[in-house]
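J.: My structure is stored as coords.csv, with CSV, C-alpha atoms.
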chain,number,residue,atom,x,y,z
A,1,MET,CA,26.8,38.5,-3.2
A,2,ALA,CA,28.6,36.1,-0.9
A,3,GLU,CA,26.2,36.9,1.9
A,4,ALA,CA,23.2,36.4,-0.4
A,5,SER,CA,24.5,33.1,-1.7
A,6,PHE,CA,25.1,31.8,1.9
A,7,PHE,CA,21.6,32.9,2.9
A,8,VAL,CA,20.0,31.1,-0.1
A,9,GLY,CA,22.3,28.1,0.5
A,10,VAL,CA,21.0,27.8,4.1
A,11,ILE,CA,17.4,28.1,2.9
A,12,GLY,CA,18.3,25.4,0.3
A,13,ASN,CA,19.5,23.1,3.0
A,14,ILE,CA,16.3,23.5,5.0
A,15,VAL,CA,14.2,22.8,1.9
A,16,SER,CA,16.4,19.8,1.0
A,17,ILE,CA,15.9,18.4,4.5
A,18,LEU,CA,12.1,18.8,4.2
A,19,MET,CA,12.3,17.1,0.8
A,20,PHE,CA,14.2,14.2,2.2
A,21,LEU,CA,11.6,13.9,5.0
A,22,SER,CA,8.6,14.4,2.7
A,23,PRO,CA,8.1,10.6,2.0
A,24,VAL,CA,7.6,9.9,5.7
A,25,PRO,CA,3.7,9.7,5.4
A,26,THR,CA,4.2,7.3,2.5
A,27,PHE,CA,6.4,5.0,4.7
A,28,TRP,CA,4.0,5.3,7.6
A,29,THR,CA,1.3,4.0,5.3
A,30,ILE,CA,3.6,1.1,4.2
A,31,ILE,CA,4.3,0.2,7.8
A,32,LYS,CA,0.6,0.3,8.8
A,33,HIS,CA,-0.4,-1.9,5.8
A,34,ARG,CA,2.8,-4.0,6.1
A,35,SER,CA,3.0,-3.8,2.3
A,36,THR,CA,4.8,-1.6,-0.2
A,37,GLU,CA,1.7,-1.8,-2.5
A,38,ASP,CA,2.4,0.0,-5.7
A,39,PHE,CA,4.9,2.5,-4.3
A,40,SER,CA,8.3,2.6,-6.0
A,41,SER,CA,11.7,2.2,-4.4
A,42,LEU,CA,13.6,3.6,-7.4
A,43,PRO,CA,13.4,7.3,-6.4
A,44,TYR,CA,15.0,6.5,-3.0
A,45,ILE,CA,17.7,4.3,-4.5
A,46,CYS,CA,18.6,7.0,-7.0
A,47,THR,CA,18.4,9.7,-4.3
A,48,LEU,CA,20.8,7.8,-2.1
A,49,LEU,CA,23.4,7.5,-4.9
A,50,ASN,CA,22.8,11.2,-5.7
A,51,CYS,CA,23.3,12.2,-2.0
A,52,SER,CA,26.5,10.1,-1.7
A,53,LEU,CA,28.1,11.8,-4.8
A,54,TRP,CA,27.1,15.3,-3.7
A,55,THR,CA,28.5,14.7,-0.2
A,56,TYR,CA,31.8,13.6,-1.8
A,57,TYR,CA,31.7,16.7,-4.1
A,58,GLY,CA,31.1,18.9,-1.1
A,59,VAL,CA,34.0,17.4,0.8
A,60,ILE,CA,36.6,17.7,-2.0
A,61,LYS,CA,35.6,21.1,-3.3
A,62,PRO,CA,36.6,24.1,-1.1
A,63,GLY,CA,33.7,26.2,0.2
A,64,GLU,CA,30.9,23.7,-0.6
A,65,TYR,CA,30.3,22.5,3.0
A,66,LEU,CA,26.6,23.4,2.7
A,67,VAL,CA,26.3,20.9,-0.1
A,68,ALA,CA,28.2,18.2,1.9
A,69,THR,CA,26.2,18.6,5.2
A,70,VAL,CA,22.7,18.4,3.7
A,71,ASN,CA,23.5,15.5,1.5
A,72,GLY,CA,25.1,13.7,4.4
A,73,PHE,CA,21.7,14.0,6.1
A,74,GLY,CA,20.1,12.7,3.0
A,75,ILE,CA,22.3,9.6,3.0
A,76,VAL,CA,21.0,8.6,6.4
A,77,VAL,CA,17.3,9.2,5.6
A,78,GLU,CA,17.4,7.5,2.2
A,79,THR,CA,19.1,4.4,3.7
A,80,ILE,CA,16.3,4.1,6.2
A,81,TYR,CA,13.7,4.3,3.5
A,82,ILE,CA,15.4,1.6,1.4
A,83,ILE,CA,15.7,-0.7,4.5
A,84,LEU,CA,11.9,-0.2,5.1
A,85,PHE,CA,11.2,-1.2,1.5
A,86,LEU,CA,13.3,-4.3,1.9
A,87,ILE,CA,11.4,-5.2,5.1
A,88,TYR,CA,7.9,-4.9,3.6
A,89,ALA,CA,8.3,-5.7,-0.1
A,90,PRO,CA,7.3,-9.1,-1.5
A,91,LYS,CA,10.1,-11.6,-2.0
A,92,GLY,CA,10.5,-11.1,-5.7
A,93,VAL,CA,10.4,-7.3,-5.5
A,94,LYS,CA,12.7,-7.4,-2.4
A,95,ALA,CA,15.4,-9.3,-4.4
A,96,LYS,CA,15.1,-6.8,-7.4
A,97,THR,CA,15.3,-3.9,-5.0
A,98,CYS,CA,18.3,-5.3,-3.2
A,99,ILE,CA,20.2,-6.0,-6.5
A,100,LEU,CA,19.5,-2.5,-7.9
A,101,ALA,CA,20.6,-0.9,-4.6
A,102,LEU,CA,23.8,-2.8,-4.6
A,103,ILE,CA,24.5,-2.0,-8.2
A,104,LEU,CA,23.8,1.7,-8.0
A,105,ASP,CA,24.5,2.7,-4.3
A,106,VAL,CA,27.5,0.4,-3.8
A,107,GLY,CA,29.0,-0.5,-7.2
A,108,ILE,CA,28.6,2.7,-9.2
A,109,LEU,CA,29.4,4.8,-6.2
A,110,ALA,CA,32.6,2.9,-5.4
A,111,ALA,CA,33.7,3.0,-9.1
A,112,ALA,CA,33.1,6.8,-9.3
A,113,VAL,CA,35.0,7.5,-6.1
A,114,ALA,CA,37.9,5.2,-7.0
A,115,THR,CA,38.2,6.7,-10.5
A,116,ALA,CA,38.1,10.3,-9.1
A,117,GLU,CA,40.7,9.5,-6.4
A,118,LEU,CA,43.1,7.5,-8.7
A,119,ALA,CA,42.9,9.3,-12.0
A,120,LEU,CA,42.0,13.0,-11.2
A,121,GLN,CA,43.4,15.8,-9.2
A,122,GLY,CA,42.2,19.2,-7.9
A,123,GLU,CA,39.5,21.0,-9.9
A,124,ALA,CA,39.4,18.2,-12.5
A,125,ARG,CA,38.4,15.8,-9.7
A,126,SER,CA,35.6,18.0,-8.2
A,127,GLY,CA,34.4,18.9,-11.7
A,128,ALA,CA,34.1,15.3,-12.8
A,129,VAL,CA,32.3,14.3,-9.6
A,130,GLY,CA,30.0,17.4,-9.9
A,131,MET,CA,29.1,16.4,-13.5
A,132,MET,CA,28.2,12.8,-12.3
A,133,GLY,CA,26.2,14.3,-9.5
A,134,ALA,CA,24.4,16.7,-11.9
A,135,GLY,CA,23.5,13.7,-14.1
A,136,LEU,CA,22.2,11.8,-11.1
A,137,ASN,CA,20.3,14.9,-9.9
A,138,ILE,CA,18.4,14.8,-13.2
A,139,VAL,CA,17.7,11.1,-12.8
A,140,MET,CA,16.5,11.7,-9.3
A,141,TYR,CA,14.2,14.5,-10.4
A,142,SER,CA,13.0,12.4,-13.3
A,143,SER,CA,12.4,9.2,-11.3
A,144,PRO,CA,8.6,10.0,-10.8
A,145,LEU,CA,8.1,10.5,-14.5
A,146,SER,CA,6.9,6.9,-15.0
A,147,VAL,CA,4.2,7.3,-12.4
A,148,MET,CA,3.0,10.5,-14.1
A,149,LYS,CA,1.9,8.2,-17.0
A,150,THR,CA,0.0,6.1,-14.5
A,151,VAL,CA,-1.6,9.2,-13.0
A,152,VAL,CA,-3.0,10.1,-16.5
A,153,MET,CA,-4.1,6.6,-17.2
A,154,THR,CA,-5.8,6.0,-13.9
A,155,LYS,CA,-6.9,9.6,-13.3
A,156,SER,CA,-5.6,9.3,-9.8
A,157,VAL,CA,-2.6,10.7,-7.9
A,158,LYS,CA,-2.8,8.0,-5.2
A,159,TYR,CA,0.8,6.7,-5.9
A,160,MET,CA,2.4,10.1,-6.5
A,161,PRO,CA,3.0,11.6,-3.1
A,162,PHE,CA,2.2,15.3,-3.1
A,163,PHE,CA,4.9,16.5,-0.7
A,164,LEU,CA,7.6,14.7,-2.6
A,165,SER,CA,6.6,16.4,-5.8
A,166,PHE,CA,6.2,19.8,-4.0
A,167,PHE,CA,9.6,19.7,-2.4
A,168,PHE,CA,11.2,18.5,-5.7
A,169,PHE,CA,9.8,21.7,-7.2
A,170,LEU,CA,10.8,23.9,-4.2
A,171,ASN,CA,14.2,22.4,-3.8
A,172,GLY,CA,15.0,22.7,-7.5
A,173,GLY,CA,14.0,26.4,-7.5
A,174,VAL,CA,16.0,27.4,-4.4
A,175,TRP,CA,19.2,25.5,-5.5
A,176,LEU,CA,18.8,27.0,-9.0
A,177,LEU,CA,18.8,30.5,-7.5
A,178,TYR,CA,21.9,29.5,-5.4
A,179,ALA,CA,23.7,28.2,-8.5
A,180,VAL,CA,23.0,31.5,-10.3
A,181,LEU,CA,24.3,33.5,-7.4
A,182,VAL,CA,27.6,31.5,-7.1
A,183,ARG,CA,27.7,31.0,-10.9
A,184,ASP,CA,27.9,27.2,-10.6
A,185,VAL,CA,26.6,25.7,-13.8
A,186,ILE,CA,27.0,22.1,-12.5
A,187,LEU,CA,24.5,22.9,-9.7
A,188,GLY,CA,22.2,25.0,-12.0
A,189,VAL,CA,21.4,22.6,-14.8
A,190,PRO,CA,20.0,19.7,-12.8
A,191,ASN,CA,18.2,21.9,-10.3
A,192,GLY,CA,16.6,23.9,-13.1
A,193,THR,CA,15.5,20.5,-14.6
A,194,GLY,CA,14.1,19.6,-11.2
A,195,PHE,CA,12.2,22.8,-10.9
A,196,LEU,CA,10.5,22.2,-14.3
A,197,LEU,CA,9.7,18.6,-13.6
A,198,GLY,CA,8.3,19.4,-10.2
A,199,ALA,CA,6.1,22.0,-11.8
A,200,MET,CA,4.8,19.4,-14.2
A,201,GLN,CA,4.0,17.0,-11.4
A,202,LEU,CA,2.1,19.7,-9.4
A,203,GLY,CA,0.2,20.5,-12.6
A,204,LEU,CA,-1.0,16.9,-12.7
A,205,TYR,CA,-2.1,17.2,-9.1
A,206,ALA,CA,-4.2,20.2,-10.0
A,207,ILE,CA,-5.8,18.2,-12.8
A,208,TYR,CA,-6.4,14.8,-11.2
A,209,ARG,CA,-6.5,15.4,-7.4
A,210,ASP,CA,-10.2,14.8,-7.3
A,211,GLY,CA,-10.2,12.0,-9.8
A,212,LYS,CA,-11.5,8.5,-9.1
A,213,ARG,CA,-8.9,5.8,-9.7
A,214,VAL,CA,-9.6,3.5,-12.6
A,215,PRO,CA,-9.4,-0.2,-11.6
A,216,ASN,CA,-6.3,-2.1,-12.8
A,217,ASP,CA,-8.5,-4.5,-14.9
A,218,LYS,CA,-9.7,-1.5,-16.9
A,219,LEU,CA,-6.2,-0.6,-18.1
A,220,GLU,CA,-4.9,-1.9,-21.4
A,221,GLU,CA,-2.9,-5.1,-21.2
A,222,GLY,CA,0.8,-4.3,-21.0
A,223,LEU,CA,0.2,-0.9,-19.5
A,224,GLN,CA,-0.8,-1.9,-16.0
A,225,HIS,CA,1.5,-0.6,-13.4
A,226,ASP,CA,3.6,-3.2,-11.7
A,227,PRO,CA,4.8,-2.7,-8.1
A,228,LEU,CA,8.2,-1.3,-7.5
A,229,ILE,CA,11.2,-1.8,-9.7
A,230,SER,CA,9.9,-3.8,-12.7
A,231,GLN,CA,8.0,-0.6,-13.9
A,232,PRO,CA,8.7,2.1,-11.3
A,233,ASN,CA,5.8,4.0,-9.9
A,234,ASN,CA,5.8,6.1,-6.8
What is this structure when it is put down as structure tokens?

T.:
Amino acid sequence: MAEASFFVGVIGNIVSILMFLSPVPTFWTIIKHRSTEDFSSLPYICTLLNCSLWTYYGVIKPGEYLVATVNGFGIVVETIYIILFLIYAPKGVKAKTCILALILDVGILAAAVATAELALQGEARSGAVGMMGAGLNIVMYSSPLSVMKTVVMTKSVKYMPFFLSFFFFLNGGVWLLYAVLVRDVILGVPNGTGFLLGAMQLGLYAIYRDGKRVPNDKLEEGLQHDPLISQPNN
């Protein structure tokens, strides 16, 4: 069982790396157009916080080095994505993105680590950090939900990158299997959620992949998708 869990964990690391790299085509488009258009920075801000907590979890819990290494890679990649957003976003959006990143990726992370280090010890510490990471995993997997509404309204998947949804689905499935093998509920619950949400997003792709995008002025007032943080779309 130990060999099986290690093998699945290695596969999970590979899939996670591919998931972290899946937005590269999106950012290549942003760089070429020199604009963030209607893409959302929220998934990357949430994922950075998520990776930071799971890296900490992997460091403080014995035997979880596979979790620490892959999420350490995620920290680097997500930081690059956020920097690119700040470079190419409009001024107003840039300020909102920066504030949100500071609150989540600096403030909340620092508070979580400080609380764990000062108030908790041993398994209680790793368990608390794992629970926070599990909650953020669900937030990360759920972050494209708002754009799913836009997909249905516009009948277009233009702003929901396929590979990000695909690797959310695949990553959730592999880490769910790993969690079952090592009997880790903290890993299992959020990744099971990610597996289901990823499947829902892929279902929308199957339905609307050939759809023609409805112009913004055809959408009902108050339901138009704003760029970036104000009403996150991916």

J.: Of the candidates A:Ala124, A:Lys96, A:Asp105, A:Leu118, which shows the shortest atom-to-atom distance to Leu49 in chain A, using only C-alpha atoms?

T.: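 When distances to Leu49 in chain A are compared using only C-alpha atoms, the smallest one comes from A:Asp105.
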
J.: Do a neighbour search on Phe6 in chain A at 12 Å with all atoms listed in the file, toss out local chain neighbours closer than 4 positions, and write the hits as a PyMOL selection string.

T.: chain A and resi 1-2+10-13+63-67+174-175+177-179+181-182

J.: Could you tell me how far CA of Ile138 in chain A sits from CA of Leu120 in chain A, in Å to one decimal place?

T.: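 A separation of 23.8 Å between them.
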
J.: Could you tell me which of A:Val180, A:Val185, A:Val157, A:Val129 comes closest to Gly203 in chain A if we count all atoms listed in the file?

T.: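 Smallest distance to Gly203 in chain A is found for A:Val157.
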
J.: Measuring atom to atom with all atoms listed in the file, identify which of A:Ala119, A:Val151, A:Val93, A:Ile75 is nearest to Ile17 in chain A.

T.: A:Ile75

J.: Between CA of Leu109 in chain A and CA of Ile60 in chain A, measure the distance and give it in Å to one decimal.

T.: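 Distance between the two atoms: 15.4 Å.
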
J.: What separation in Å, quoted to one decimal, exists between CA of Thr69 in chain A and CA of Val8 in chain A?

T.: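 Here the two named atoms are 14.9 Å from each other.
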
J.: Within 12 Å of Phe85 in chain A, counting only C-alpha atoms, which residues show up once you throw out same-chain ones fewer than 6 positions away? Write them as a PyMOL selection string, please.

T.: chain A and resi 26-31+34-45+78-79+91+93-98+101+227-229

J.: From the options A:Ser156, A:Gln201, A:Thr55, A:Thr47, which residue's atoms come nearest to Gly135 in chain A, counting all atoms listed in the file?

T.: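 So, comparing all the options, the nearest one is A:Thr47.
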
J.: Could you check which of A:Val24, A:Gly92, A:Gly9, A:Ser142 is closest to Cys46 in chain A, using all atoms listed in the file?

T.: A:Ser142

J.: Find the spatial neighbours of Pro62 in chain A, counting all atoms listed in the file, within a cut-off of 10 Å - ignore same-chain residues fewer than 3 positions away - and output them as a short mmCIF file (atom, residue, chain, number, x, y, z; two decimals) with C-alpha atoms, in the frame of the given file.

T.:
data_model
loop_
_atom_site.label_atom_id
_atom_site.label_comp_id
_atom_site.auth_asym_id
_atom_site.auth_seq_id
_atom_site.Cartn_x
_atom_site.Cartn_y
_atom_site.Cartn_z
CA TYR A 57 31.70 16.70 -4.10
CA GLY A 58 31.10 18.90 -1.10
CA VAL A 59 34.00 17.40 0.80
CA TYR A 65 30.30 22.50 3.00
CA GLU A 123 39.50 21.00 -9.90
CA SER A 126 35.60 18.00 -8.20
#

J.: Neighbours of Val76 in chain A within 9 Å (all atoms listed in the file; same-chain residues fewer than 5 positions away dropped), as a VMD selection string?

T.: chain A and resid 48 71 81

J.: Given the choices A:Phe163, A:Phe168, A:Tyr56, A:Phe73, which gets closest to Ala116 in chain A if the distance is worked out from all atoms listed in the file?

T.: A:Tyr56

J.: For Met200 in chain A, work out the shell of residues within 12 Å, counting all atoms listed in the file and skipping chain neighbours fewer than 2 positions away, then give it as number ranges by chain.

T.: A: 141-142, 144-145, 148-149, 165-166, 168-169, 193-198, 202-207

J.: Once you have the residues from the selection above, write them out as an mmCIF file, in the frame of the given file, restricted to C-alpha atoms.

T.:
data_model
loop_
_atom_site.group_PDB
_atom_site.id
_atom_site.type_symbol
_atom_site.label_atom_id
_atom_site.label_comp_id
_atom_site.auth_asym_id
_atom_site.auth_seq_id
_atom_site.Cartn_x
_atom_site.Cartn_y
_atom_site.Cartn_z
ATOM 1 C CA TYR A 141 14.200 14.500 -10.400
ATOM 2 C CA SER A 142 13.000 12.400 -13.300
ATOM 3 C CA PRO A 144 8.600 10.000 -10.800
ATOM 4 C CA LEU A 145 8.100 10.500 -14.500
ATOM 5 C CA MET A 148 3.000 10.500 -14.100
ATOM 6 C CA LYS A 149 1.900 8.200 -17.000
ATOM 7 C CA SER A 165 6.600 16.400 -5.800
ATOM 8 C CA PHE A 166 6.200 19.800 -4.000
ATOM 9 C CA PHE A 168 11.200 18.500 -5.700
ATOM 10 C CA PHE A 169 9.800 21.700 -7.200
ATOM 11 C CA THR A 193 15.500 20.500 -14.600
ATOM 12 C CA GLY A 194 14.100 19.600 -11.200
ATOM 13 C CA PHE A 195 12.200 22.800 -10.900
ATOM 14 C CA LEU A 196 10.500 22.200 -14.300
ATOM 15 C CA LEU A 197 9.700 18.600 -13.600
ATOM 16 C CA GLY A 198 8.300 19.400 -10.200
ATOM 17 C CA LEU A 202 2.100 19.700 -9.400
ATOM 18 C CA GLY A 203 0.200 20.500 -12.600
ATOM 19 C CA LEU A 204 -1.000 16.900 -12.700
ATOM 20 C CA TYR A 205 -2.100 17.200 -9.100
ATOM 21 C CA ALA A 206 -4.200 20.200 -10.000
ATOM 22 C CA ILE A 207 -5.800 18.200 -12.800
#
